[in-house]
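Here is the file entry-v6.pdb (PDB, C-alpha atoms).
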ATOM      1  CA  MET A  23      79.973   5.732  -1.101
ATOM      2  CA  LYS A  24      77.257   8.140   0.021
ATOM      3  CA  LYS A  25      73.822   6.669   0.708
ATOM      4  CA  SER A  26      70.832   7.701  -1.364
ATOM      5  CA  ASN A  27      68.068   9.674   0.355
ATOM      6  CA  VAL A  28      65.896   6.544   0.493
ATOM      7  CA  GLN A  29      68.720   4.477   2.011
ATOM      8  CA  ARG A  30      69.503   7.212   4.543
ATOM      9  CA  ARG A  31      65.851   7.442   5.606
ATOM     10  CA  ALA A  32      65.726   3.659   6.086
ATOM     11  CA  SER A  33      68.860   3.874   8.225
ATOM     12  CA  VAL A  34      67.453   6.815  10.204
ATOM     13  CA  ARG A  35      64.292   4.787  10.823
ATOM     14  CA  ASP A  36      66.394   1.882  12.102
ATOM     15  CA  ASP A  37      68.423   4.202  14.336
ATOM     16  CA  VAL A  38      65.263   5.630  15.902
ATOM     17  CA  LEU A  39      63.734   2.162  16.276
ATOM     18  CA  ASN A  40      66.840   0.758  17.964
ATOM     19  CA  SER A  41      67.449   3.591  20.429
ATOM     20  CA  ASP A  42      65.490   4.864  23.394
ATOM     21  CA  LEU A  43      65.918   8.446  22.222
ATOM     22  CA  ILE A  44      68.075  10.043  19.528
ATOM     23  CA  SER A  45      68.418  13.663  18.487
ATOM     24  CA  ALA A  46      68.291  15.113  14.986
ATOM     25  CA  THR A  47      71.753  16.588  15.613
ATOM     26  CA  THR A  48      73.205  13.149  16.395
ATOM     27  CA  LEU A  49      71.637  11.679  13.259
ATOM     28  CA  ALA A  50      72.816  14.618  11.134
ATOM     29  CA  LYS A  51      76.413  14.117  12.285
ATOM     30  CA  LYS A  52      76.211  10.376  11.672
ATOM     31  CA  TYR A  53      74.995  10.804   8.084
ATOM     32  CA  GLY A  54      76.899  13.975   7.210
ATOM     33  CA  VAL A  55      73.786  16.018   6.466
ATOM     34  CA  SER A  56      72.140  19.033   8.064
ATOM     35  CA  ARG A  57      69.838  18.779  11.058
ATOM     36  CA  GLN A  58      67.053  20.142   8.839
ATOM     37  CA  THR A  59      67.574  17.258   6.390
ATOM     38  CA  ILE A  60      67.012  14.808   9.255
ATOM     39  CA  VAL A  61      63.893  16.734  10.362
ATOM     40  CA  GLY A  62      62.625  16.363   6.777
ATOM     41  CA  ASP A  63      63.511  12.660   6.725
ATOM     42  CA  ILE A  64      61.561  12.117   9.943
ATOM     43  CA  ALA A  65      58.591  14.051   8.542
ATOM     44  CA  LEU A  66      58.556  11.826   5.445
ATOM     45  CA  LEU A  67      58.846   8.668   7.547
ATOM     46  CA  ARG A  68      55.956   9.826   9.737
ATOM     47  CA  ALA A  69      53.886  10.663   6.642
ATOM     48  CA  LYS A  70      54.413   7.056   5.515
ATOM     49  CA  GLY A  71      53.002   5.793   8.797
ATOM     50  CA  GLU A  72      56.108   5.251  10.919
ATOM     51  CA  PRO A  73      55.115   5.854  14.555
ATOM     52  CA  ILE A  74      58.013   8.180  15.349
ATOM     53  CA  ILE A  75      57.469  10.723  18.102
ATOM     54  CA  ALA A  76      59.345  13.995  18.402
ATOM     55  CA  THR A  77      59.975  14.715  22.086
ATOM     56  CA  VAL A  78      61.686  17.628  23.787
ATOM     57  CA  SER A  79      64.930  15.628  23.829
ATOM     58  CA  GLY A  80      64.834  13.886  20.459
ATOM     59  CA  TYR A  81      63.050  11.203  18.494
ATOM     60  CA  LYS A  82      61.745   7.886  19.676
ATOM     61  CA  TYR A  83      59.770   5.084  18.131
ATOM     62  CA  GLN A  84      56.313   4.678  19.610
ATOM     63  CA  LYS A  85      56.271   1.053  20.622
ATOM     64  CA  LYS A  86      53.126  -0.754  21.627
ATOM     65  CA  GLU A  87      53.134  -0.694  25.389
ATOM     66  CA  ALA A  88      51.098  -2.482  27.976
ATOM     67  CA  ARG A  89      51.055   0.657  30.099
ATOM     68  CA  TYR A  90      48.011   2.442  31.437
ATOM     69  CA  HIS A  91      47.189   5.826  29.889
ATOM     70  CA  GLY A  92      45.183   8.504  31.643
ATOM     71  CA  LEU A  93      44.383  12.174  31.122
ATOM     72  CA  LEU A  94      44.872  14.834  33.791
ATOM     73  CA  ALA A  95      43.454  18.354  33.854
ATOM     74  CA  CYS A  96      45.949  20.634  35.575
ATOM     75  CA  GLN A  97      46.145  24.284  36.553
ATOM     76  CA  HIS A  98      49.079  25.877  38.278
ATOM     77  CA  SER A  99      51.565  28.699  38.027
ATOM     78  CA  ILE A 100      54.624  28.545  35.812
ATOM     79  CA  GLU A 101      56.730  28.370  38.980
ATOM     80  CA  GLU A 102      54.981  25.102  39.949
ATOM     81  CA  THR A 103      55.779  23.357  36.643
ATOM     82  CA  ARG A 104      58.867  21.577  37.974
ATOM     83  CA  LEU A 105      56.906  20.300  40.988
ATOM     84  CA  GLU A 106      54.218  18.902  38.687
ATOM     85  CA  LEU A 107      56.726  17.140  36.419
ATOM     86  CA  GLU A 108      58.847  15.782  39.281
ATOM     87  CA  THR A 109      55.768  14.450  41.063
ATOM     88  CA  VAL A 110      54.603  12.463  38.040
ATOM     89  CA  VAL A 111      58.064  11.110  37.181
ATOM     90  CA  SER A 112      58.929  10.223  40.799
ATOM     91  CA  MET A 113      55.798   8.064  40.901
ATOM     92  CA  GLY A 114      56.756   6.148  37.741
ATOM     93  CA  GLY A 115      54.729   8.157  35.251
ATOM     94  CA  GLU A 116      55.660   9.628  31.897
ATOM     95  CA  ILE A 117      54.241  12.972  30.805
ATOM     96  CA  GLU A 118      53.525  12.218  27.164
ATOM     97  CA  ASP A 119      52.243  15.621  26.104
ATOM     98  CA  VAL A 120      50.650  18.915  27.042
ATOM     99  CA  ILE A 121      47.343  20.042  25.548
ATOM    100  CA  VAL A 122      45.680  23.456  25.707
ATOM    101  CA  ASP A 123      42.433  24.715  24.230
ATOM    102  CA  HIS A 124      43.201  27.911  22.343
ATOM    103  CA  SER A 125      40.467  30.363  21.349
ATOM    104  CA  LEU A 126      41.835  30.770  17.795
ATOM    105  CA  TYR A 127      43.557  27.471  16.988
ATOM    106  CA  GLY A 128      41.459  25.047  18.997
ATOM    107  CA  GLN A 129      43.404  22.231  20.622
ATOM    108  CA  ILE A 130      47.192  22.664  20.594
ATOM    109  CA  VAL A 131      49.283  19.614  21.510
ATOM    110  CA  GLY A 132      52.953  19.601  22.389
ATOM    111  CA  THR A 133      54.690  16.234  22.619
ATOM    112  CA  LEU A 134      56.861  16.050  25.734
ATOM    113  CA  GLY A 135      57.926  12.452  26.462
ATOM    114  CA  ILE A 136      59.216  13.401  29.920
ATOM    115  CA  SER A 137      60.036  10.309  31.991
ATOM    116  CA  THR A 138      63.305  11.035  33.811
ATOM    117  CA  LEU A 139      64.846  13.735  35.988
ATOM    118  CA  HIS A 140      67.236  14.448  33.101
ATOM    119  CA  ASP A 141      64.233  15.113  30.820
ATOM    120  CA  ILE A 142      62.779  17.481  33.429
ATOM    121  CA  ASN A 143      66.049  19.353  33.868
ATOM    122  CA  ASP A 144      66.473  19.703  30.111
ATOM    123  CA  PHE A 145      62.909  20.933  29.615
ATOM    124  CA  MET A 146      63.034  23.348  32.541
ATOM    125  CA  SER A 147      66.435  24.697  31.505
ATOM    126  CA  ARG A 148      65.113  25.508  28.043
ATOM    127  CA  ALA A 149      61.907  26.974  29.472
ATOM    128  CA  GLU A 150      63.763  29.185  31.952
ATOM    129  CA  ASN A 151      66.789  30.173  29.878
ATOM    130  CA  GLY A 152      65.361  30.380  26.389
ATOM    131  CA  ASN A 153      62.944  32.773  24.798
ATOM    132  CA  HIS A 154      60.054  30.345  25.303
ATOM    133  CA  GLN A 155      56.660  30.329  26.954
ATOM    134  CA  LEU A 156      54.810  27.311  28.268
ATOM    135  CA  LEU A 157      51.618  26.472  26.368
ATOM    136  CA  SER A 158      49.724  26.770  29.649
ATOM    137  CA  SER A 159      50.639  30.463  29.731
ATOM    138  CA  LEU A 160      48.054  30.900  26.955
ATOM    139  CA  THR A 161      45.239  29.516  29.119
ATOM    140  CA  GLN A 162      45.799  30.928  32.627
ATOM    141  CA  GLY A 163      47.670  27.778  33.574
ATOM    142  CA  ILE A 164      44.934  25.333  32.524
ATOM    143  CA  HIS A 165      46.243  22.391  30.527
ATOM    144  CA  LEU A 166      45.897  18.649  30.041
ATOM    145  CA  HIS A 167      48.518  15.904  30.185
ATOM    146  CA  ASN A 168      48.343  12.373  28.836
ATOM    147  CA  ILE A 169      50.164  10.303  31.437
ATOM    148  CA  SER A 170      51.385   6.733  30.990
ATOM    149  CA  CYS A 171      52.226   4.542  33.967
ATOM    150  CA  ASN A 172      52.255   0.880  34.981
ATOM    151  CA  SER A 173      48.646   0.573  36.126
ATOM    152  CA  GLU A 174      45.353   2.346  36.671
ATOM    153  CA  ALA A 175      46.053   2.285  40.417
ATOM    154  CA  ASP A 176      49.365   4.083  39.826
ATOM    155  CA  PHE A 177      47.562   6.696  37.707
ATOM    156  CA  PHE A 178      45.069   7.393  40.473
ATOM    157  CA  GLU A 179      47.910   7.717  43.009
ATOM    158  CA  ILE A 180      49.612  10.273  40.735
ATOM    159  CA  LYS A 181      46.314  12.116  40.365
ATOM    160  CA  LYS A 182      45.753  12.065  44.146
ATOM    161  CA  ARG A 183      49.252  13.424  44.854
ATOM    162  CA  LEU A 184      48.853  16.224  42.292
ATOM    163  CA  SER A 185      45.468  17.075  43.787
ATOM    164  CA  ASN A 186      46.962  17.209  47.296
ATOM    165  CA  LEU A 187      49.615  19.605  45.956
ATOM    166  CA  GLY A 188      46.908  21.825  44.447
ATOM    167  CA  LEU A 189      48.090  21.273  40.867
ATOM    168  CA  LEU A 190      44.910  19.828  39.340
ATOM    169  CA  TYR A 191      42.179  21.879  37.714
ATOM    170  CA  LEU A 192      39.060  21.675  39.812
ATOM    171  CA  ASP A 193      35.793  23.229  38.679
TER     172      ASP A 193
END
Render the structure in this file as structure tokens.
Amino acid sequence: MKKSNVQRRASVRDDVLNSDLISATTLAKKYGVSRQTIVGDIALLRAKGEPIIATVSGYKYQKKEARYHGLLACQHSIEETRLELETVVSMGGEIEDVIVDHSLYGQIVGTLGISTLHDINDFMSRAENGNHQLLSSLTQGIHLHNISCNSEADFFEIKKRLSNLGLLYLD
């Protein structure tokens, strides 16, 4: 017997909650619906207050973490993007998002959720092989990242390493 929309959404919520990361395509196959139906289900769940995050690789439930969060101002070329991401991840950080200040739209935020080499490879593959532009291309390479890591000391080590590599925005 096919589940009702409400039952399916409850099951989708549970699937997201109980996995580290799950794609809309995987959920669509599981429930025999279109990917767009799952995207709509997630939108409705988020509108009801479920802390579900859409990352570059799929959905995850935003769990309360005891991790340190810091904000970095970066500026670098598109060619240096991989170096930036690999530096943060290799030091135990997660790049939660990218933020740019746009002259027409104001602040534009893109959720990334990059915490592994696999995430980096996936993101970079899509950036290099797709018809996409990085948000930082709109702002001469200037952008912000919310970074989560184990401690404030770890955050400052990440910041120091990025500075030494010339990847931070310095006024």
Output of the PyMOL selection byres ((chain A and resi 39) around 9), listed as a PyMOL selection string: chain A and resi 34-38+40-43+74+82-85
Export of prior selection with C-alpha atoms as a CSV table (one decimal), in the coordinates of the input:
chain,number,residue,atom,x,y,z
A,34,VAL,CA,67.5,6.8,10.2
A,35,ARG,CA,64.3,4.8,10.8
A,36,ASP,CA,66.4,1.9,12.1
A,37,ASP,CA,68.4,4.2,14.3
A,38,VAL,CA,65.3,5.6,15.9
A,40,ASN,CA,66.8,0.8,18.0
A,41,SER,CA,67.4,3.6,20.4
A,42,ASP,CA,65.5,4.9,23.4
A,43,LEU,CA,65.9,8.4,22.2
A,74,ILE,CA,58.0,8.2,15.3
A,82,LYS,CA,61.7,7.9,19.7
A,83,TYR,CA,59.8,5.1,18.1
A,84,GLN,CA,56.3,4.7,19.6
A,85,LYS,CA,56.3,1.1,20.6
So that all listed atoms of range 169-173 of chain A fit with 8 Å spare on each side, what axis-aligned box centre and edge lengths in Å, to one decimal, would you give as AutoDock Vina command-line options?
--center_x 50.5 --center_y 5.4 --center_z 33.6 --size_x 19.6 --size_y 25.7 --size_z 21.1
Pull the closest atom pair for each residue of range 53-132 of chain A that gets at most 8 Å from range 141-156 of chain A, along with the distance in Å to one decimal, counting all atoms listed in the file, ordering rows by chain and then ascending residue number, as CSV.
residue,atom,partner,partner_atom,distance
A:Val78,CA,A:Phe145,CA,6.8
A:Ser79,CA,A:Asp141,CA,7.0
A:Ile100,CA,A:Leu156,CA,7.6
A:Arg104,CA,A:Met146,CA,7.1
A:Leu107,CA,A:Ile142,CA,6.8
A:Glu108,CA,A:Ile142,CA,7.3
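Between CA of Thr48 in chain A and CA of Gly62 in chain A lies a distance of 14.7 Å.
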Test item: the PyMOL selection byres ((chain A and resi 121-137) around 7) resolved as JSON, numbers by chain: {"A": [76, 77, 78, 111, 115, 116, 117, 118, 119, 120, 138, 141, 142, 157, 158, 161, 165, 166, 167]}
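Of the residues under consideration (A:Met113, A:Cys96, A:Leu105, A:Ala46), A:Cys96 shows the shortest atom-to-atom contact distance to Gly163 in chain A when counting only C-alpha atoms.
With all atoms listed in the file as the basis for measurement, A:Ile44 is the residue among A:Leu94, A:Leu139, A:Val55, A:Ile44 that approaches Tyr81 in chain A most closely.
Going from CA of Arg57 in chain A to CA of His140 in chain A covers 22.6 Å.
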Contact residues around Ala32 in chain A with all atoms listed in the file at 12 Å, ignoring same-chain residues under 5 positions, as an MDAnalysis selection string: chainID A and resid 25:27 37:39 53 60 63:64 66:67 70 72
Between CA of Arg89 in chain A and CA of Ser159 in chain A - distance in Å to one decimal: 29.8 Å
Go through range 67-111 of chain A residue by residue and, counting only C-alpha atoms, keep those with an atom at most 8 Å from range 170-181 of chain A; for each kept residue give the shortest atom pair and its distance in Å to one decimal, ordered by chain and increasing number, as a tab-separated table.
residue	atom	partner	partner_atom	distance
A:Ala88	CA	A:Asn172	CA	7.9
A:Arg89	CA	A:Asn172	CA	5.0
A:Tyr90	CA	A:Ser173	CA	5.1
A:His91	CA	A:Ser170	CA	4.4
A:Gly92	CA	A:Ser170	CA	6.5
A:Leu94	CA	A:Lys181	CA	7.3
A:Thr109	CA	A:Ile180	CA	7.4
A:Val110	CA	A:Ile180	CA	6.1
From A:Thr59, A:Pro73, A:Gln97, A:Gly80, residue lying nearest Ser45 in chain A [only C-alpha atoms]: A:Gly80
Some atoms are missing, so please complete range 48-67 of chain A with N, CA, C and O atoms and return it as a short mmCIF file (atom, residue, chain, number, x, y, z; two decimals), in the coordinates of the input.
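Produced file part_34.cif, reproduced below:
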data_model
loop_
_atom_site.label_atom_id
_atom_site.label_comp_id
_atom_site.auth_asym_id
_atom_site.auth_seq_id
_atom_site.Cartn_x
_atom_site.Cartn_y
_atom_site.Cartn_z
N THR A 48 72.41 14.38 16.40
CA THR A 48 73.20 13.15 16.40
C THR A 48 73.08 12.44 15.05
O THR A 48 74.08 11.99 14.47
N LEU A 49 71.86 12.34 14.55
CA LEU A 49 71.64 11.68 13.26
C LEU A 49 72.29 12.46 12.12
O LEU A 49 72.88 11.88 11.21
N ALA A 50 72.21 13.78 12.18
CA ALA A 50 72.82 14.62 11.13
C ALA A 50 74.32 14.41 11.08
O ALA A 50 74.91 14.27 9.99
N LYS A 51 74.96 14.36 12.24
CA LYS A 51 76.41 14.12 12.28
C LYS A 51 76.74 12.74 11.74
O LYS A 51 77.71 12.57 10.99
N LYS A 52 75.95 11.75 12.12
CA LYS A 52 76.21 10.38 11.67
C LYS A 52 76.16 10.26 10.15
O LYS A 52 76.96 9.55 9.55
N TYR A 53 75.20 10.95 9.53
CA TYR A 53 75.00 10.80 8.08
C TYR A 53 75.59 11.94 7.26
O TYR A 53 75.46 11.96 6.04
N GLY A 54 76.23 12.90 7.93
CA GLY A 54 76.90 13.98 7.21
C GLY A 54 75.95 14.89 6.46
O GLY A 54 76.26 15.35 5.36
N VAL A 55 74.78 15.12 7.06
CA VAL A 55 73.79 16.02 6.47
C VAL A 55 73.39 17.06 7.51
O VAL A 55 73.79 16.98 8.67
N SER A 56 72.58 18.01 7.12
CA SER A 56 72.14 19.03 8.06
C SER A 56 71.06 18.48 8.98
O SER A 56 70.39 17.48 8.66
N ARG A 57 70.91 19.14 10.12
CA ARG A 57 69.84 18.78 11.06
C ARG A 57 68.48 18.90 10.37
O ARG A 57 67.60 18.07 10.55
N GLN A 58 68.32 19.93 9.53
CA GLN A 58 67.05 20.14 8.84
C GLN A 58 66.75 19.00 7.87
O GLN A 58 65.59 18.63 7.69
N THR A 59 67.78 18.42 7.27
CA THR A 59 67.57 17.26 6.39
C THR A 59 66.99 16.10 7.19
O THR A 59 66.06 15.42 6.73
N ILE A 60 67.53 15.88 8.39
CA ILE A 60 67.01 14.81 9.26
C ILE A 60 65.57 15.11 9.66
O ILE A 60 64.71 14.21 9.64
N VAL A 61 65.27 16.35 10.01
CA VAL A 61 63.89 16.73 10.36
C VAL A 61 62.96 16.41 9.19
O VAL A 61 61.87 15.86 9.38
N GLY A 62 63.41 16.70 7.97
CA GLY A 62 62.62 16.36 6.78
C GLY A 62 62.48 14.86 6.59
O GLY A 62 61.40 14.37 6.23
N ASP A 63 63.57 14.12 6.82
CA ASP A 63 63.51 12.66 6.72
C ASP A 63 62.48 12.10 7.70
O ASP A 63 61.67 11.24 7.33
N ILE A 64 62.51 12.59 8.93
CA ILE A 64 61.56 12.12 9.94
C ILE A 64 60.13 12.46 9.52
O ILE A 64 59.22 11.63 9.66
N ALA A 65 59.93 13.65 9.00
CA ALA A 65 58.59 14.05 8.54
C ALA A 65 58.09 13.10 7.45
O ALA A 65 56.92 12.69 7.47
N LEU A 66 58.96 12.76 6.51
CA LEU A 66 58.56 11.83 5.44
C LEU A 66 58.27 10.44 6.00
O LEU A 66 57.31 9.79 5.57
N LEU A 67 59.10 9.97 6.93
CA LEU A 67 58.85 8.67 7.55
C LEU A 67 57.51 8.66 8.29
O LEU A 67 56.74 7.70 8.19
#
